[in-house]
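Undergrad: Below are the structure tokens for one structure; questions will follow.
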Amino acid sequence: MGEPDVSFFGCDGEDDKTSADYYFDSYSHFGFLSVAFHIFVKKEMLKDVVRTKTYQNVIYRNKFLFQNKVVLDVGAGTGILSLFCAKAGAAHVYAVECSHMADMAKQIVETNGLPDGEVDDGVVLPDEASLYLTAIEDAEYKDDKIKFWNNVYGFDMSCIKKQAMMEPLVDTVDQKQIVTNCHLLKTMDISKMVLGDASFTAPFKLIAERDDYIHAFVAYFDVSFTKCHKLMGFSTGPRSRATHWKQTVLYLEDVLTIYEGETIIGSMTVAPNKKNPRDVDIMVKYSLSGRRCVVSRVQFYKMR
């Protein structure tokens, strides 16, 4: 086979690292997995069959989107998606990876030689993403995560509770824990997004589907590939097959007692942190006026 038609770009220099540098570099250490900071190793991504097979099927079954096109793969990791695109007939693939994984990816490309081609225009895939919110019962885990700090080997460390509450938990939620409907917060056309579109406020209305307690909100996303011959996509929700993205759990300061048919009304505001754009600031306003529980509160979270 000829020379691979994939160009890899890394980030040079070890000094004066920004938070973004440390973020990308954290992906490059084999075997490292930190749920608290939503950083996953490339092995976990490759083993995520929902994510990887969906991309593979989208690319291989819709080669008309890639033949003679220029592809930009941002955060390429091992380069698996770049390899899919090149094999599907892309004229050239530019793979960008800001970690030491880029060196390994270059070797992978060299080992899997790819053909050359001619140049045309490109598209953005996936091109649509939807963000959802639901509410769950999660007394056991919340007690372990939050109340733990009240008594640590006989010492009061409750000052840490506030910080623990502000940090969303990335974990897999059992669908049996879901108490309410799943509300669509926002759908984004990724192909048309501009600077500033990542900041938004969206209202929500969650209706209880049974009598229970609510300890947390849960956010997740779906993505769609609408440019394909047949609509394709996947969900990261708790009722779908698990992915490496899991779900994002936002614990509430209050424990809400809710009865079937009662409603939680509120809004979620999302924006990149002004000091560190890779962090996300989240503000949730919610209120419940039920038979046993009346509450109105604003909570703040920081997603790292």
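How things are named: the first chain in the structure tokens is A, the next is B, and so on; residues count from 1 in each chain; ligands count from 1 in the order shown.
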DSSP says strand (DSSP E) for which residues of range 67-193 of chain A? Put them as a list in words?
TA: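 Answer for range 67-193 of chain A restricted to strand (DSSP E) is Val70, Val71, Leu72, Asp73, Val74, His92, Val93, Tyr94, Ala95, Val96, Glu128, Ala129, Ser130, Leu131, Tyr132, Leu133, Thr134, Ala135, Ile136, Leu169, Val170, Asp171, His183, Leu184, Leu185, Lys186, Thr187, Met188 and Asp189 of chain A.
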Undergrad: Find the residues near Leu252 in chain A: any atom within 9 Å, counting only C-alpha atoms, skip ones fewer than 6 places away on the same chain, and give them as a PyMOL selection string.
TA: chain A and resi 165+214-217+299
Undergrad: So that I can check the surroundings of Pro272 in chain A, please list as JSON, numbers by chain every protein, DNA and RNA residue that reaches within 10 Å of it, counting only C-alpha atoms and ignoring chain neighbours fewer than 3 positions away.
TA: {"A": [196, 198, 199, 275, 276, 277, 278, 279, 280, 281, 282, 302, 303]}
Undergrad: Print the selection's residues with C-alpha atoms to a file, as a short mmCIF file (atom, residue, chain, number, x, y, z; two decimals), in the first residue's frame.
TA:
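In the end it all went to selection.cif:
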```
data_model
loop_
_atom_site.label_atom_id
_atom_site.label_comp_id
_atom_site.auth_asym_id
_atom_site.auth_seq_id
_atom_site.Cartn_x
_atom_site.Cartn_y
_atom_site.Cartn_z
CA GLY A 196 -21.22 31.59 22.22
CA ALA A 198 -22.37 26.64 24.05
CA SER A 199 -23.88 29.07 26.59
CA LYS A 275 -11.28 31.77 33.91
CA ASN A 276 -10.96 28.25 32.53
CA PRO A 277 -13.07 27.66 29.39
CA ARG A 278 -12.68 23.90 29.58
CA ASP A 279 -14.64 23.93 32.86
CA VAL A 280 -18.41 24.31 32.61
CA ASP A 281 -20.48 26.36 35.06
CA ILE A 282 -24.00 25.06 35.64
CA LYS A 302 -18.77 23.22 38.22
CA MET A 303 -18.11 20.50 35.65
#
```
Undergrad: Just give me the gap between CA of Ile258 in chain A and CA of Trp149 in chain A in Å, one decimal is fine.
TA: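 Interatomic distance, CA of Ile258 in chain A to CA of Trp149 in chain A: 26.9 Å.
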Undergrad: Would you please give, as a PyMOL selection string, all residues of range 92-276 of chain A that DSSP assigns to alpha helix (DSSP H) based on the backbone?
TA: chain A and resi 101-111+139-145+161-166
Undergrad: Would you write out those residues with C-alpha atoms, as a CSV table (one decimal), in the first residue's frame?
TA:
```
chain,number,residue,atom,x,y,z
A,101,MET,CA,-0.9,9.8,22.2
A,102,ALA,CA,-0.3,11.6,18.9
A,103,ASP,CA,3.1,9.8,18.7
A,104,MET,CA,1.4,6.5,19.0
A,105,ALA,CA,-1.2,7.4,16.5
A,106,LYS,CA,1.4,8.3,14.0
A,107,GLN,CA,2.9,4.8,14.3
A,108,ILE,CA,-0.6,3.3,13.9
A,109,VAL,CA,-1.1,5.3,10.7
A,110,GLU,CA,2.3,4.2,9.4
A,111,THR,CA,1.5,0.6,10.2
A,139,ALA,CA,-30.2,7.9,48.7
A,140,GLU,CA,-27.5,5.3,49.2
A,141,TYR,CA,-24.9,6.9,46.9
A,142,LYS,CA,-25.7,10.5,48.0
A,143,ASP,CA,-25.1,9.5,51.6
A,144,ASP,CA,-21.8,7.9,50.7
A,145,LYS,CA,-20.7,10.9,48.6
A,161,LYS,CA,-19.6,18.9,51.6
A,162,LYS,CA,-20.2,22.1,49.8
A,163,GLN,CA,-17.4,21.5,47.3
A,164,ALA,CA,-18.6,17.9,46.9
A,165,MET,CA,-22.1,19.0,46.1
A,166,MET,CA,-20.8,21.4,43.5
```
Undergrad: Which is closest to Ala90 in chain A among A:Ala76, A:Val70, A:Ile207, A:Met232, if we use only C-alpha atoms?
TA: A:Val70
Undergrad: Let me make sure I understand: among A:Met193, A:Ile146, A:Met188, A:Leu46, which one has the smallest atom-to-atom distance to Ile160 in chain A if we use only C-alpha atoms?
TA: A:Ile146
Undergrad: Which of these residues is nearest to Val58 in chain A, using only C-alpha atoms: A:Leu125, A:Val74, A:Ile178, A:Leu288?
TA: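 Comparing A:Leu125, A:Val74, A:Ile178, A:Leu288 against Val58 in chain A, the winner is A:Leu125.
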Undergrad: Residues near Ala219 in chain A, anyone? I mean within 7 Å using only C-alpha atoms, not counting same-chain ones fewer than 3 positions away, as a list in words.
TA: Tyr132, Leu133, Thr134, Gln247, Thr248 and Val249 of chain A
Undergrad: Selection from above, N, CA, C and O atoms, as a PDB file, in the first residue's frame, can you write it?
TA:
```
ATOM      1  N   TYR A 132     -30.649  16.157  27.503  1.00  0.00           N
ATOM      2  CA  TYR A 132     -31.844  15.771  28.253  1.00  0.00           C
ATOM      3  C   TYR A 132     -31.597  15.847  29.754  1.00  0.00           C
ATOM      4  O   TYR A 132     -30.467  15.776  30.222  1.00  0.00           O
ATOM      5  N   LEU A 133     -32.700  15.964  30.510  1.00  0.00           N
ATOM      6  CA  LEU A 133     -32.628  15.998  31.968  1.00  0.00           C
ATOM      7  C   LEU A 133     -33.729  15.120  32.544  1.00  0.00           C
ATOM      8  O   LEU A 133     -34.862  15.110  32.048  1.00  0.00           O
ATOM      9  N   THR A 134     -33.393  14.370  33.589  1.00  0.00           N
ATOM     10  CA  THR A 134     -34.375  13.594  34.328  1.00  0.00           C
ATOM     11  C   THR A 134     -34.011  13.672  35.804  1.00  0.00           C
ATOM     12  O   THR A 134     -33.050  14.354  36.175  1.00  0.00           O
ATOM     13  N   GLN A 247     -23.478   9.005  32.461  1.00  0.00           N
ATOM     14  CA  GLN A 247     -24.388  10.140  32.639  1.00  0.00           C
ATOM     15  C   GLN A 247     -23.783  11.109  33.656  1.00  0.00           C
ATOM     16  O   GLN A 247     -22.844  10.760  34.374  1.00  0.00           O
ATOM     17  N   THR A 248     -24.336  12.319  33.705  1.00  0.00           N
ATOM     18  CA  THR A 248     -23.861  13.335  34.651  1.00  0.00           C
ATOM     19  C   THR A 248     -24.908  13.536  35.732  1.00  0.00           C
ATOM     20  O   THR A 248     -26.049  13.906  35.441  1.00  0.00           O
ATOM     21  N   VAL A 249     -24.508  13.275  36.985  1.00  0.00           N
ATOM     22  CA  VAL A 249     -25.429  13.333  38.123  1.00  0.00           C
ATOM     23  C   VAL A 249     -25.200  14.620  38.904  1.00  0.00           C
ATOM     24  O   VAL A 249     -24.077  14.914  39.333  1.00  0.00           O
TER      25      VAL A 249
END
```
Undergrad: Can you pull out every residue within 7 Å of Val6 in chain A, counting only C-alpha atoms, but drop anything in the same chain fewer than 3 positions away, and send it as a compact mmCIF listing (two decimals) with N, CA and C atoms, in the first residue's frame?
TA:
```txt
# COMPACT_ATOMS: atom_id res chain seq x y z
N HIS A 92 -7.94 13.32 2.17
CA HIS A 92 -6.92 13.58 3.18
C HIS A 92 -7.61 13.74 4.53
N VAL A 93 -6.98 13.21 5.55
CA VAL A 93 -7.51 13.32 6.91
C VAL A 93 -6.49 14.08 7.76
N TYR A 94 -6.92 15.18 8.36
CA TYR A 94 -6.09 15.91 9.30
C TYR A 94 -6.53 15.52 10.71
N ALA A 95 -5.68 14.82 11.42
CA ALA A 95 -5.99 14.34 12.77
C ALA A 95 -5.23 15.19 13.78
```
Undergrad: Which one is closest to Phe9 in chain A: A:Lys227, A:Lys47, A:His100, A:Lys42? Count only C-alpha atoms.
TA: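 Between A:Lys227, A:Lys47, A:His100, A:Lys42, the residue approaching Phe9 in chain A most closely is A:His100.
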Undergrad: Please determine, counting only C-alpha atoms, which residue among A:Phe225, A:Tyr259, A:Phe234, A:Tyr251 has the shortest atom-to-atom distance to Asp211 in chain A.
TA: A:Tyr259
Undergrad: Give me, as a ChimeraX atom specification, all polymer residues having an atom no more than 12 Å from Leu184 in chain A, counting only C-alpha atoms and skipping those fewer than 5 positions away in the same chain.
TA: /A:129-134,202-206,219-222,237,267-268
Undergrad: Put those residues in a file: all heavy atoms, as a short mmCIF file (atom, residue, chain, number, x, y, z; two decimals), in the first residue's frame.
TA:
```
data_model
loop_
_atom_site.label_atom_id
_atom_site.label_comp_id
_atom_site.auth_asym_id
_atom_site.auth_seq_id
_atom_site.Cartn_x
_atom_site.Cartn_y
_atom_site.Cartn_z
N ALA A 129 -26.98 17.34 18.19
CA ALA A 129 -26.88 16.82 19.55
C ALA A 129 -28.03 17.37 20.38
O ALA A 129 -28.42 18.53 20.25
CB ALA A 129 -25.54 17.23 20.18
N SER A 130 -28.58 16.50 21.25
CA SER A 130 -29.70 16.89 22.10
C SER A 130 -29.35 16.60 23.56
O SER A 130 -28.84 15.51 23.87
CB SER A 130 -30.97 16.14 21.71
OG SER A 130 -31.37 16.46 20.39
N LEU A 131 -29.63 17.55 24.44
CA LEU A 131 -29.35 17.41 25.86
C LEU A 131 -30.65 17.16 26.62
O LEU A 131 -31.64 17.88 26.41
CB LEU A 131 -28.68 18.68 26.39
CG LEU A 131 -28.31 18.72 27.87
CD1 LEU A 131 -27.24 17.67 28.19
CD2 LEU A 131 -27.82 20.11 28.27
N TYR A 132 -30.65 16.16 27.50
CA TYR A 132 -31.84 15.77 28.25
C TYR A 132 -31.60 15.85 29.75
O TYR A 132 -30.47 15.78 30.22
CB TYR A 132 -32.26 14.34 27.90
CG TYR A 132 -32.81 14.17 26.51
CD1 TYR A 132 -31.96 13.96 25.43
CD2 TYR A 132 -34.18 14.21 26.27
CE1 TYR A 132 -32.46 13.80 24.14
CE2 TYR A 132 -34.69 14.05 24.98
CZ TYR A 132 -33.83 13.84 23.93
OH TYR A 132 -34.33 13.68 22.66
N LEU A 133 -32.70 15.96 30.51
CA LEU A 133 -32.63 16.00 31.97
C LEU A 133 -33.73 15.12 32.54
O LEU A 133 -34.86 15.11 32.05
CB LEU A 133 -32.80 17.43 32.48
CG LEU A 133 -32.51 17.65 33.97
CD1 LEU A 133 -31.01 17.57 34.25
CD2 LEU A 133 -33.05 19.00 34.43
N THR A 134 -33.39 14.37 33.59
CA THR A 134 -34.38 13.59 34.33
C THR A 134 -34.01 13.67 35.80
O THR A 134 -33.05 14.35 36.17
CB THR A 134 -34.42 12.14 33.83
OG1 THR A 134 -35.52 11.45 34.45
CG2 THR A 134 -33.13 11.40 34.14
N ALA A 202 -32.14 26.87 29.51
CA ALA A 202 -33.26 26.11 29.00
C ALA A 202 -34.21 25.75 30.14
O ALA A 202 -33.77 25.30 31.21
CB ALA A 202 -32.77 24.84 28.31
N PRO A 203 -35.51 25.94 29.95
CA PRO A 203 -36.49 25.56 30.98
C PRO A 203 -36.73 24.05 30.97
O PRO A 203 -36.47 23.38 29.98
CB PRO A 203 -37.74 26.32 30.55
CG PRO A 203 -37.63 26.39 29.06
CD PRO A 203 -36.15 26.54 28.76
N PHE A 204 -37.21 23.53 32.10
CA PHE A 204 -37.57 22.11 32.12
C PHE A 204 -38.79 21.88 33.01
O PHE A 204 -39.10 22.68 33.90
CB PHE A 204 -36.40 21.23 32.57
CG PHE A 204 -35.93 21.47 33.98
CD1 PHE A 204 -36.57 20.90 35.07
CD2 PHE A 204 -34.79 22.25 34.21
CE1 PHE A 204 -36.12 21.11 36.37
CE2 PHE A 204 -34.33 22.46 35.51
CZ PHE A 204 -35.00 21.89 36.59
N LYS A 205 -39.48 20.77 32.73
CA LYS A 205 -40.65 20.35 33.50
C LYS A 205 -40.57 18.85 33.67
O LYS A 205 -40.68 18.10 32.69
CB LYS A 205 -41.94 20.76 32.77
CG LYS A 205 -43.21 20.39 33.53
CD LYS A 205 -44.44 20.86 32.75
CE LYS A 205 -45.73 20.53 33.50
NZ LYS A 205 -46.93 20.98 32.74
N LEU A 206 -40.36 18.41 34.91
CA LEU A 206 -40.23 16.99 35.21
C LEU A 206 -41.45 16.53 35.98
O LEU A 206 -41.78 17.07 37.03
CB LEU A 206 -38.96 16.72 36.01
CG LEU A 206 -37.64 17.13 35.35
CD1 LEU A 206 -36.46 16.87 36.28
CD2 LEU A 206 -37.44 16.39 34.03
N ALA A 219 -28.26 14.42 33.74
CA ALA A 219 -28.19 14.96 32.38
C ALA A 219 -27.48 13.96 31.48
O ALA A 219 -26.55 13.26 31.90
CB ALA A 219 -27.47 16.30 32.37
N TYR A 220 -27.91 13.90 30.23
CA TYR A 220 -27.26 13.04 29.23
C TYR A 220 -27.55 13.61 27.84
O TYR A 220 -28.35 14.54 27.70
CB TYR A 220 -27.74 11.59 29.34
CG TYR A 220 -29.21 11.38 29.03
CD1 TYR A 220 -29.64 11.07 27.74
CD2 TYR A 220 -30.17 11.49 30.03
CE1 TYR A 220 -30.98 10.88 27.46
CE2 TYR A 220 -31.52 11.30 29.76
CZ TYR A 220 -31.91 10.98 28.47
OH TYR A 220 -33.25 10.81 28.18
N PHE A 221 -26.89 13.07 26.83
CA PHE A 221 -27.09 13.60 25.49
C PHE A 221 -27.28 12.48 24.46
O PHE A 221 -26.85 11.34 24.66
CB PHE A 221 -25.91 14.48 25.06
CG PHE A 221 -24.60 13.74 24.93
CD1 PHE A 221 -24.21 13.16 23.74
CD2 PHE A 221 -23.74 13.64 26.02
CE1 PHE A 221 -23.00 12.49 23.62
CE2 PHE A 221 -22.53 12.97 25.93
CZ PHE A 221 -22.16 12.39 24.72
N ASP A 222 -27.95 12.83 23.38
CA ASP A 222 -28.08 11.98 22.20
C ASP A 222 -27.40 12.70 21.04
O ASP A 222 -27.38 13.93 21.00
CB ASP A 222 -29.55 11.75 21.83
CG ASP A 222 -30.32 10.97 22.88
OD1 ASP A 222 -29.69 10.54 23.88
OD2 ASP A 222 -31.54 10.82 22.72
N GLY A 237 -28.18 7.97 27.35
CA GLY A 237 -29.13 7.96 28.46
C GLY A 237 -29.12 6.67 29.26
O GLY A 237 -28.66 5.63 28.79
N SER A 267 -35.13 25.64 35.49
CA SER A 267 -34.32 25.98 34.33
C SER A 267 -32.87 25.62 34.60
O SER A 267 -32.43 25.60 35.76
CB SER A 267 -34.43 27.47 33.98
OG SER A 267 -33.89 28.26 35.03
N MET A 268 -32.15 25.34 33.55
CA MET A 268 -30.72 25.05 33.65
C MET A 268 -29.95 26.04 32.78
O MET A 268 -30.27 26.23 31.60
CB MET A 268 -30.41 23.62 33.20
CG MET A 268 -28.92 23.30 33.18
SD MET A 268 -28.54 21.60 32.68
CE MET A 268 -28.96 20.72 34.19
#
```
Undergrad: Between A:Gly266, A:Gly75, A:Pro126, A:Gly233, which has the minimum distance to Val96 in chain A (counting only C-alpha atoms)?
TA: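 Counting only C-alpha atoms, the residue closest to Val96 in chain A is A:Gly75.
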Undergrad: So that I can see what lies close to Tyr213 in chain A, please list as a PyMOL selection string the residues with an atom at most 6 Å from it, counting only C-alpha atoms and leaving out residues fewer than 2 positions away in the same chain.
TA: chain A and resi 137+256-258
Undergrad: Emit the selected residues as a PDB file, in the first residue's frame, including N, CA, C and O atoms.
TA:
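Result written to part-v6.pdb:
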```
ATOM      1  N   GLU A 137     -33.928   8.753  42.226  1.00  0.00           N
ATOM      2  CA  GLU A 137     -33.763   8.419  43.637  1.00  0.00           C
ATOM      3  C   GLU A 137     -32.376   7.826  43.778  1.00  0.00           C
ATOM      4  O   GLU A 137     -31.994   6.928  43.031  1.00  0.00           O
ATOM      5  N   LEU A 256     -36.208  15.628  47.897  1.00  0.00           N
ATOM      6  CA  LEU A 256     -37.571  15.988  47.514  1.00  0.00           C
ATOM      7  C   LEU A 256     -38.495  14.779  47.652  1.00  0.00           C
ATOM      8  O   LEU A 256     -38.209  13.706  47.110  1.00  0.00           O
ATOM      9  N   THR A 257     -39.576  14.956  48.377  1.00  0.00           N
ATOM     10  CA  THR A 257     -40.625  13.939  48.445  1.00  0.00           C
ATOM     11  C   THR A 257     -41.645  14.274  47.376  1.00  0.00           C
ATOM     12  O   THR A 257     -42.216  15.369  47.367  1.00  0.00           O
ATOM     13  N   ILE A 258     -41.864  13.335  46.461  1.00  0.00           N
ATOM     14  CA  ILE A 258     -42.732  13.629  45.324  1.00  0.00           C
ATOM     15  C   ILE A 258     -43.717  12.490  45.103  1.00  0.00           C
ATOM     16  O   ILE A 258     -43.404  11.319  45.362  1.00  0.00           O
TER      17      ILE A 258
END
```
Undergrad: Per residue of range 50-148 of chain A within 10 Å of range 240-243 of chain A, what are the shortest atom pair and its distance in Å to one decimal, counting only C-alpha atoms, with rows by chain and residue number, as CSV?
TA:
```
residue,atom,partner,partner_atom,distance
A:Val50,CA,A:Thr243,CA,6.2
A:Arg51,CA,A:Thr243,CA,6.8
A:Thr52,CA,A:Thr243,CA,9.7
```
Undergrad: Grab the CA of Thr180 in chain A to CA of Ile264 in chain A distance for me, in Å with one decimal place.
TA: 9.2 Å
